[in-house]
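Engineer: Okay, so here is model01.txt, and as you'll see once you scroll down, it has compact mmCIF, C-alpha atoms and all ligand atoms.
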```
# COMPACT_ATOMS: atom_id res chain seq x y z
CA MET A 945 -155.69 50.83 57.42
CA TYR A 946 -154.05 50.66 60.83
CA ILE A 947 -153.23 46.99 61.52
CA ILE A 948 -152.92 45.58 65.03
CA GLY A 949 -151.53 42.04 64.90
CA GLU A 950 -153.69 39.59 66.88
CA ARG A 951 -151.25 36.69 67.30
CA ILE A 952 -149.70 37.42 70.70
CA ASN A 953 -152.77 36.12 72.51
CA GLY A 954 -152.89 33.27 75.03
CA MET A 955 -155.97 32.06 73.14
CA PHE A 956 -153.42 30.51 70.75
CA LYS A 957 -151.84 27.32 72.09
CA ASP A 958 -148.29 28.23 71.01
CA VAL A 959 -148.49 31.57 72.83
CA ALA A 960 -150.06 30.05 75.98
CA LYS A 961 -147.23 27.50 76.05
CA ALA A 962 -144.55 30.17 75.49
CA ILE A 963 -145.93 32.27 78.37
CA ARG A 964 -146.02 29.22 80.67
CA GLU A 965 -142.46 28.22 79.78
CA LYS A 966 -141.12 31.80 79.55
CA ASN A 967 -139.93 31.06 76.00
CA LYS A 968 -138.78 34.45 74.72
CA ARG A 969 -137.84 33.25 71.24
CA ILE A 970 -141.41 32.20 70.31
CA ILE A 971 -142.86 35.56 71.42
CA GLN A 972 -140.13 37.68 69.83
CA GLU A 973 -140.42 35.82 66.52
CA LEU A 974 -144.20 36.32 66.51
CA ALA A 975 -143.66 40.04 67.17
CA LEU A 976 -141.07 40.54 64.41
CA LYS A 977 -142.91 38.39 61.84
CA GLN A 978 -146.18 40.28 62.35
CA ILE A 979 -144.33 43.59 61.86
CA GLU A 980 -142.65 42.20 58.73
CA LYS A 981 -146.14 41.35 57.40
CA GLY A 982 -147.35 44.92 57.90
CA ALA A 983 -148.56 45.22 61.51
CA ASP A 984 -148.49 48.81 62.81
CA ALA A 985 -149.08 47.66 66.40
CA LEU A 986 -149.37 44.39 68.33
CA ASP A 987 -152.20 43.20 70.55
CA VAL A 988 -150.89 41.69 73.81
CA ASN A 989 -153.32 39.33 75.55
CA LEU A 990 -152.39 36.68 78.14
CA GLY A 991 -155.43 34.52 77.54
CA THR A 992 -157.17 32.90 80.48
CA ALA A 993 -154.96 30.13 81.82
CA VAL A 994 -152.23 32.18 83.51
CA GLU A 995 -151.34 31.68 87.19
CA ASP A 996 -149.77 35.07 87.95
CA PRO A 997 -151.09 37.52 85.32
CA LEU A 998 -149.25 40.52 86.77
CA SER A 999 -145.77 39.04 86.37
CA ALA A 1000 -146.79 37.29 83.12
CA MET A 1001 -147.82 40.64 81.57
CA GLU A 1002 -144.58 42.25 82.72
CA TRP A 1003 -142.57 39.40 81.20
CA LEU A 1004 -144.56 39.47 77.95
CA VAL A 1005 -144.34 43.24 77.36
CA LYS A 1006 -140.65 43.40 78.30
CA THR A 1007 -139.90 40.39 76.09
CA ILE A 1008 -141.48 42.12 73.09
CA GLY A 1009 -139.75 45.39 74.03
CA GLU A 1010 -136.34 43.71 73.73
CA VAL A 1011 -136.81 43.37 69.95
CA THR A 1012 -139.13 46.24 68.91
CA GLU A 1013 -140.45 49.60 70.05
CA ILE A 1014 -143.71 49.22 68.12
CA THR A 1015 -147.00 50.30 69.73
CA LEU A 1016 -148.57 47.65 71.97
CA ALA A 1017 -152.31 47.30 72.60
CA ILE A 1018 -152.57 45.92 76.14
CA ASP A 1019 -155.57 43.58 76.01
CA THR A 1020 -156.79 42.70 79.51
CA THR A 1021 -159.88 43.30 81.66
CA LYS A 1022 -157.84 43.39 84.89
CA LEU A 1023 -156.93 46.92 86.00
CA ALA A 1024 -153.67 46.05 87.79
CA VAL A 1025 -152.51 43.91 84.85
CA MET A 1026 -153.35 46.77 82.47
CA GLU A 1027 -151.29 49.26 84.49
CA LYS A 1028 -148.36 46.84 84.71
CA GLY A 1029 -148.45 46.41 80.92
CA LEU A 1030 -148.59 50.17 80.32
CA GLN A 1031 -145.66 50.73 82.72
CA CYS A 1032 -143.48 48.32 80.76
CA CYS A 1033 -144.20 49.76 77.28
CA LYS A 1034 -141.36 51.50 75.46
CA SER A 1035 -143.61 53.70 73.32
CA LYS A 1036 -147.10 55.17 73.43
CA PRO A 1037 -149.44 52.25 74.21
CA ILE A 1038 -153.11 51.55 73.55
CA ILE A 1039 -155.50 50.44 76.32
CA ASN A 1040 -157.59 47.52 75.00
CA SER A 1041 -160.27 48.08 76.18
CA THR A 1042 -163.02 49.81 78.14
CA SER A 1043 -166.78 49.32 78.09
CA ALA A 1044 -169.17 52.28 78.39
CA ASP A 1045 -169.72 51.52 82.09
CA GLU A 1046 -168.97 54.35 84.51
CA GLU A 1047 -166.63 52.42 86.79
CA LYS A 1048 -164.55 51.32 83.79
CA LEU A 1049 -164.43 54.82 82.27
CA ASN A 1050 -163.61 56.34 85.68
CA THR A 1051 -160.50 54.18 86.03
CA LEU A 1052 -159.32 53.68 82.45
CA ILE A 1053 -159.59 57.27 81.17
CA PRO A 1054 -157.33 58.58 84.00
CA LEU A 1055 -154.97 55.67 83.25
CA ALA A 1056 -154.87 56.71 79.57
CA LYS A 1057 -154.05 60.26 80.69
CA LYS A 1058 -151.32 59.10 83.07
CA TYR A 1059 -149.56 56.95 80.46
CA ASN A 1060 -150.39 59.09 77.40
CA ALA A 1061 -152.14 56.05 75.94
CA GLY A 1062 -154.76 55.55 73.27
CA LEU A 1063 -158.02 53.90 74.33
CA ILE A 1064 -160.29 51.38 72.61
CA GLY A 1065 -163.90 51.88 73.70
CA LEU A 1066 -166.27 48.96 73.18
CA THR A 1067 -169.91 49.78 72.45
CA MET A 1068 -171.05 47.51 75.25
CA SER A 1069 -172.10 47.89 78.87
CA ARG A 1070 -172.96 45.76 81.88
CA LYS A 1071 -176.23 45.01 80.09
CA GLY A 1072 -174.25 43.39 77.27
CA ILE A 1073 -173.82 44.24 73.60
CA PRO A 1074 -176.81 46.05 72.08
CA SER A 1075 -178.22 44.35 69.02
CA ASP A 1076 -178.75 47.42 66.84
CA ALA A 1077 -176.66 50.29 65.50
CA ASN A 1078 -178.52 53.09 67.29
CA SER A 1079 -178.00 51.60 70.75
CA ARG A 1080 -174.34 50.92 69.97
CA LEU A 1081 -174.02 54.53 68.84
CA GLU A 1082 -175.45 55.83 72.13
CA LEU A 1083 -172.70 53.98 73.99
CA ALA A 1084 -170.08 55.34 71.58
CA ILE A 1085 -171.33 58.88 72.22
CA HIS A 1086 -171.07 58.34 75.98
CA ILE A 1087 -167.47 57.11 75.72
CA LEU A 1088 -166.55 59.99 73.37
CA ASN A 1089 -168.09 62.58 75.72
CA ARG A 1090 -166.25 61.23 78.77
CA TRP A 1091 -162.97 61.18 76.77
CA GLN A 1092 -163.38 64.77 75.61
CA GLU A 1093 -164.48 65.99 79.07
CA GLU A 1094 -161.00 64.96 80.26
CA GLY A 1095 -159.46 67.05 77.49
CA LEU A 1096 -157.98 64.04 75.72
CA PRO A 1097 -157.35 64.11 71.93
CA VAL A 1098 -160.06 62.44 69.84
CA GLU A 1099 -157.40 60.97 67.53
CA ASP A 1100 -156.35 58.69 70.42
CA LEU A 1101 -159.84 57.22 70.86
CA TYR A 1102 -160.87 54.08 68.96
CA ILE A 1103 -164.51 53.01 68.94
CA ASP A 1104 -165.02 49.25 68.61
CA ALA A 1105 -168.59 48.31 67.60
CA VAL A 1106 -167.86 44.69 68.73
CA ILE A 1107 -168.40 42.15 65.97
CA LEU A 1108 -169.67 38.72 67.10
CA PRO A 1109 -169.42 35.40 65.22
CA VAL A 1110 -171.71 35.32 62.18
CA ASN A 1111 -173.00 31.90 63.24
CA VAL A 1112 -174.06 33.33 66.62
CA ALA A 1113 -175.32 36.83 65.83
CA GLN A 1114 -175.76 37.07 62.08
CA ALA A 1115 -178.27 39.96 62.20
CA GLN A 1116 -175.68 42.13 63.97
CA CYS A 1117 -173.12 41.99 61.14
CA PRO A 1118 -174.81 44.79 59.14
CA GLU A 1119 -175.60 46.71 62.36
CA VAL A 1120 -171.89 46.85 63.16
CA LEU A 1121 -171.17 48.24 59.66
CA GLU A 1122 -173.86 50.89 60.15
CA THR A 1123 -172.35 51.81 63.54
CA ILE A 1124 -168.93 52.31 61.93
CA HIS A 1125 -170.51 54.62 59.36
CA GLN A 1126 -172.38 56.65 62.01
CA VAL A 1127 -169.40 57.05 64.36
CA LYS A 1128 -167.71 59.08 61.63
CA MET A 1129 -170.41 61.75 62.06
CA LEU A 1130 -170.12 62.14 65.85
CA SER A 1131 -167.45 64.83 65.95
CA GLN A 1132 -165.02 66.76 63.79
CA PRO A 1133 -162.53 65.11 63.68
CA PRO A 1134 -164.32 61.86 64.61
CA PRO A 1135 -162.88 59.07 66.76
CA LYS A 1136 -161.25 56.22 64.88
CA THR A 1137 -163.17 52.98 64.34
CA ILE A 1138 -161.72 49.54 65.00
CA LEU A 1139 -162.82 45.88 64.97
CA GLY A 1140 -161.48 42.58 66.33
CA LEU A 1141 -161.96 41.08 62.88
CA SER A 1142 -161.40 37.37 63.59
CA ASN A 1143 -164.37 37.32 65.99
CA VAL A 1144 -166.70 37.35 62.98
CA SER A 1145 -165.58 33.91 61.79
CA GLN A 1146 -165.02 32.09 65.09
CA GLY A 1147 -166.50 28.61 64.96
CA THR A 1148 -167.30 28.80 61.24
CA LYS A 1149 -166.05 26.64 58.38
CA TYR A 1150 -164.67 29.33 56.01
CA ARG A 1151 -162.77 31.54 58.44
CA SER A 1152 -160.39 33.30 56.08
CA LEU A 1153 -163.06 33.95 53.43
CA ILE A 1154 -165.47 35.38 56.02
CA ASN A 1155 -162.74 37.54 57.59
CA ARG A 1156 -161.64 39.10 54.31
CA THR A 1157 -165.15 39.61 52.97
CA TYR A 1158 -166.20 41.38 56.15
CA LEU A 1159 -163.02 43.48 56.25
CA VAL A 1160 -163.63 44.72 52.70
CA MET A 1161 -167.21 45.70 53.60
CA ALA A 1162 -166.09 47.39 56.81
CA LEU A 1163 -163.48 49.36 54.86
CA ALA A 1164 -166.23 50.61 52.56
CA PHE A 1165 -168.12 51.81 55.65
CA GLY A 1166 -165.06 53.74 56.82
CA LEU A 1167 -163.21 51.36 59.18
CA GLU A 1168 -159.75 52.72 60.04
CA ALA A 1169 -158.18 50.04 62.20
CA ALA A 1170 -158.47 46.31 62.84
CA ILE A 1171 -157.02 43.67 65.12
CA LEU A 1172 -156.38 40.88 62.63
CA ASP A 1173 -154.10 38.04 61.52
CA PRO A 1174 -151.17 39.58 59.59
CA PHE A 1175 -150.16 36.10 58.37
CA ASP A 1176 -153.32 35.73 56.26
CA GLU A 1177 -152.01 36.64 52.80
CA GLU A 1178 -155.41 36.60 51.08
CA LEU A 1179 -156.74 38.94 53.76
CA ARG A 1180 -153.87 41.34 53.05
CA GLN A 1181 -154.52 41.22 49.29
CA ALA A 1182 -158.25 41.84 49.71
CA MET A 1183 -157.51 44.78 52.03
CA ARG A 1184 -155.00 46.35 49.61
CA THR A 1185 -157.43 45.90 46.71
CA ALA A 1186 -160.26 47.52 48.69
CA GLU A 1187 -157.98 50.46 49.49
CA VAL A 1188 -157.30 50.93 45.77
CA LEU A 1189 -160.99 50.64 44.86
CA LEU A 1190 -161.91 53.18 47.56
CA ASN A 1191 -159.29 55.50 46.05
CA LYS A 1192 -157.31 55.52 49.29
CA THR A 1193 -154.12 54.36 47.57
CA VAL A 1194 -153.05 54.99 43.99
CA TYR A 1195 -153.45 52.08 41.56
CA CYS A 1196 -150.37 50.67 39.89
CA ASP A 1197 -149.76 47.14 38.52
CA SER A 1198 -147.53 46.35 41.50
CA TYR A 1199 -149.96 47.53 44.20
CA LEU A 1200 -149.94 44.08 45.87
CA LYS A 1201 -146.16 43.88 46.22
N1 LIG B 1301 -162.08 43.92 70.15
C1 LIG B 1301 -160.98 44.34 70.82
N2 LIG B 1301 -160.02 43.50 71.23
C2 LIG B 1301 -160.12 42.18 70.98
C3 LIG B 1301 -161.23 41.69 70.28
C4 LIG B 1301 -162.24 42.60 69.86
N3 LIG B 1301 -159.14 41.34 71.39
C5 LIG B 1301 -159.30 39.91 71.27
C6 LIG B 1301 -160.12 39.55 70.04
N4 LIG B 1301 -161.32 40.35 70.00
C7 LIG B 1301 -159.33 39.77 68.77
N5 LIG B 1301 -158.30 38.79 68.66
C8 LIG B 1301 -158.57 37.49 68.26
C9 LIG B 1301 -157.55 36.58 68.30
C10 LIG B 1301 -157.78 35.27 67.91
C11 LIG B 1301 -159.03 34.87 67.50
C12 LIG B 1301 -160.06 35.77 67.45
C13 LIG B 1301 -159.83 37.10 67.83
C14 LIG B 1301 -159.30 33.46 67.12
N6 LIG B 1301 -158.57 32.50 67.71
C15 LIG B 1301 -158.69 31.09 67.46
C16 LIG B 1301 -160.13 30.61 67.75
O1 LIG B 1301 -160.72 31.05 68.73
O2 LIG B 1301 -160.61 29.79 66.98
C17 LIG B 1301 -157.71 30.40 68.40
C18 LIG B 1301 -157.51 28.96 68.07
C19 LIG B 1301 -156.21 28.72 67.36
O3 LIG B 1301 -156.17 28.96 66.15
O4 LIG B 1301 -155.25 28.27 68.01
O5 LIG B 1301 -160.16 33.17 66.33
O6 LIG B 1301 -163.24 42.25 69.24
N7 LIG B 1301 -160.87 45.66 71.07
```
Would you mind writing the file out in structure tokens?
Ligand code: THG
Structural biologist:
Amino acid sequence: MYIIGERINGMFKDVAKAIREKNKRIIQELALKQIEKGADALDVNLGTAVEDPLSAMEWLVKTIGEVTEITLAIDTTKLAVMEKGLQCCKSKPIINSTSADEEKLNTLIPLAKKYNAGLIGLTMSRKGIPSDANSRLELAIHILNRWQEEGLPVEDLYIDAVILPVNVAQAQCPEVLETIHQVKMLSQPPPKTILGLSNVSQGTKYRSLINRTYLVMALAFGLEAAILDPFDEELRQAMRTAEVLLNKTVYCDSYLK
């Protein structure tokens, strides 16, 4: 499982405050602690309440880069802010994210090429997020085709079937799992699959339980990567146990350590 730590996101009050006050220590500690807890990459998202997003993204990426060279997933919908983030990365970055819309693909795929970046493709379009697996899959196929037309390596493409909160779109939870399963059959090798896991539990009462239950199911359907909370110890244990039970790692009595 490829883990992208979700915590450097202006959606969190401590991060929003640190960005506003240019408090490097808070950001750098969050980066190093997520890596210590097993993150392979870090999501970098300014959140909404930022006055000058261009200089804020530059500050944020450079601040993280002072303490680690880990992969960063630049999480913004603004093209100029995306490019600024990619420019400041010390190692191969990930673009988070594109929709299946032509104007997005036409700008973000060339950007991925220019910066040798990975790309997360959301199975959504201007019309929104389709409610069933087949329609999500059609969008995934479109993104995959456009990626391969540019001669880019399929290993660098992540398809995100977009999980919504279970209390908002409950019927879509199994559709997302089915999409993950189907994406694996699109090409040889297939693109990777990814989810923003914490979405599934937003606004619910049992967040951690819902997150880890859904992650275990998604793993069984072939999920390879997730943006998640590395500080959730029960989530980590459930994930490691699922990996053992799926015969992806070898069982030993100390497999949780
Ligand atoms: N796909 C991709 N990228 C994504 C998402 C996705 N990036 C953003 C998001 N979704 C994944 N990251 C988060 C981070 C935090 C939360 C949910 C998803 C979250 N935050 C608390 C909340 O809203 O309740 C914040 C409040 C707090 O605790 O301070 O749940 O799907 N490609």
Engineer: Check every protein, DNA and RNA residue against ligand LIG 1301 (chain B), keep those with an atom at most 9 Å away (counting all atoms listed in the file), and present them as a ChimeraX atom specification.
Structural biologist: /A:949-959,987-989,1017,1019-1020,1039-1042,1064-1066,1102-1108,1138-1148,1151,1170-1173
Engineer: Report the closest atom pair, with its distance in Å rounded to one decimal, for each residue of range 1098-1134 of chain A that has an atom no farther than 12 Å from range 1025-1038 of chain A; count all atoms listed in the file, sort by chain and then rising residue number, and write it as a tab-separated table.
Structural biologist:
```
residue	atom	partner	partner_atom	distance
A:Glu1099	CA	A:Ile1038	CA	12.0
A:Asp1100	CA	A:Ile1038	CA	8.4
A:Leu1101	CA	A:Ile1038	CA	9.2
A:Tyr1102	CA	A:Ile1038	CA	9.4
```
Engineer: Find the distance between CA of Gly1072 in chain A and CA of Glu1046 in chain A and write it in Å to one decimal.
Structural biologist: 14.2 Å
Engineer: Go through A:Cys1117, A:Leu1088, A:Ala960, A:Leu1159 and flag the residue nearest Ala993 in chain A, using only C-alpha atoms for the distances.
Structural biologist: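 Looking only at the distances to Ala993 in chain A, the closest residue turns out to be A:Ala960.
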Engineer: Identify, on the basis of all atoms listed in the file, every residue whose closest approach to Lys1201 in chain A does not exceed 10 Å; exclude the query and any residue fewer than 2 positions from it along the same chain; express the result as an mmCIF file with C-alpha atoms, keeping the file's coordinate frame.
Structural biologist:
```
data_model
loop_
_atom_site.group_PDB
_atom_site.id
_atom_site.type_symbol
_atom_site.label_atom_id
_atom_site.label_comp_id
_atom_site.auth_asym_id
_atom_site.auth_seq_id
_atom_site.Cartn_x
_atom_site.Cartn_y
_atom_site.Cartn_z
ATOM 1 C CA GLN A 1181 -154.520 41.220 49.290
ATOM 2 C CA ARG A 1184 -155.000 46.350 49.610
ATOM 3 C CA ASP A 1197 -149.760 47.140 38.520
ATOM 4 C CA SER A 1198 -147.530 46.350 41.500
ATOM 5 C CA TYR A 1199 -149.960 47.530 44.200
#
```
Engineer: One decimal, in Å: what's the spacing between CA of Thr1137 in chain A and CA of Leu1167 in chain A?
Structural biologist: 5.4 Å
Engineer: Calculated over all atoms listed in the file, which of the candidates A:Lys1022, A:Gln1126, A:Leu1189, A:Ile948 has the smallest distance to Thr992 in chain A?
Structural biologist: A:Lys1022
Engineer: Expressed in Å to a single decimal, how great is the separation between CA of Leu1049 in chain A and CA of Asp1076 in chain A?
Structural biologist: 22.3 Å
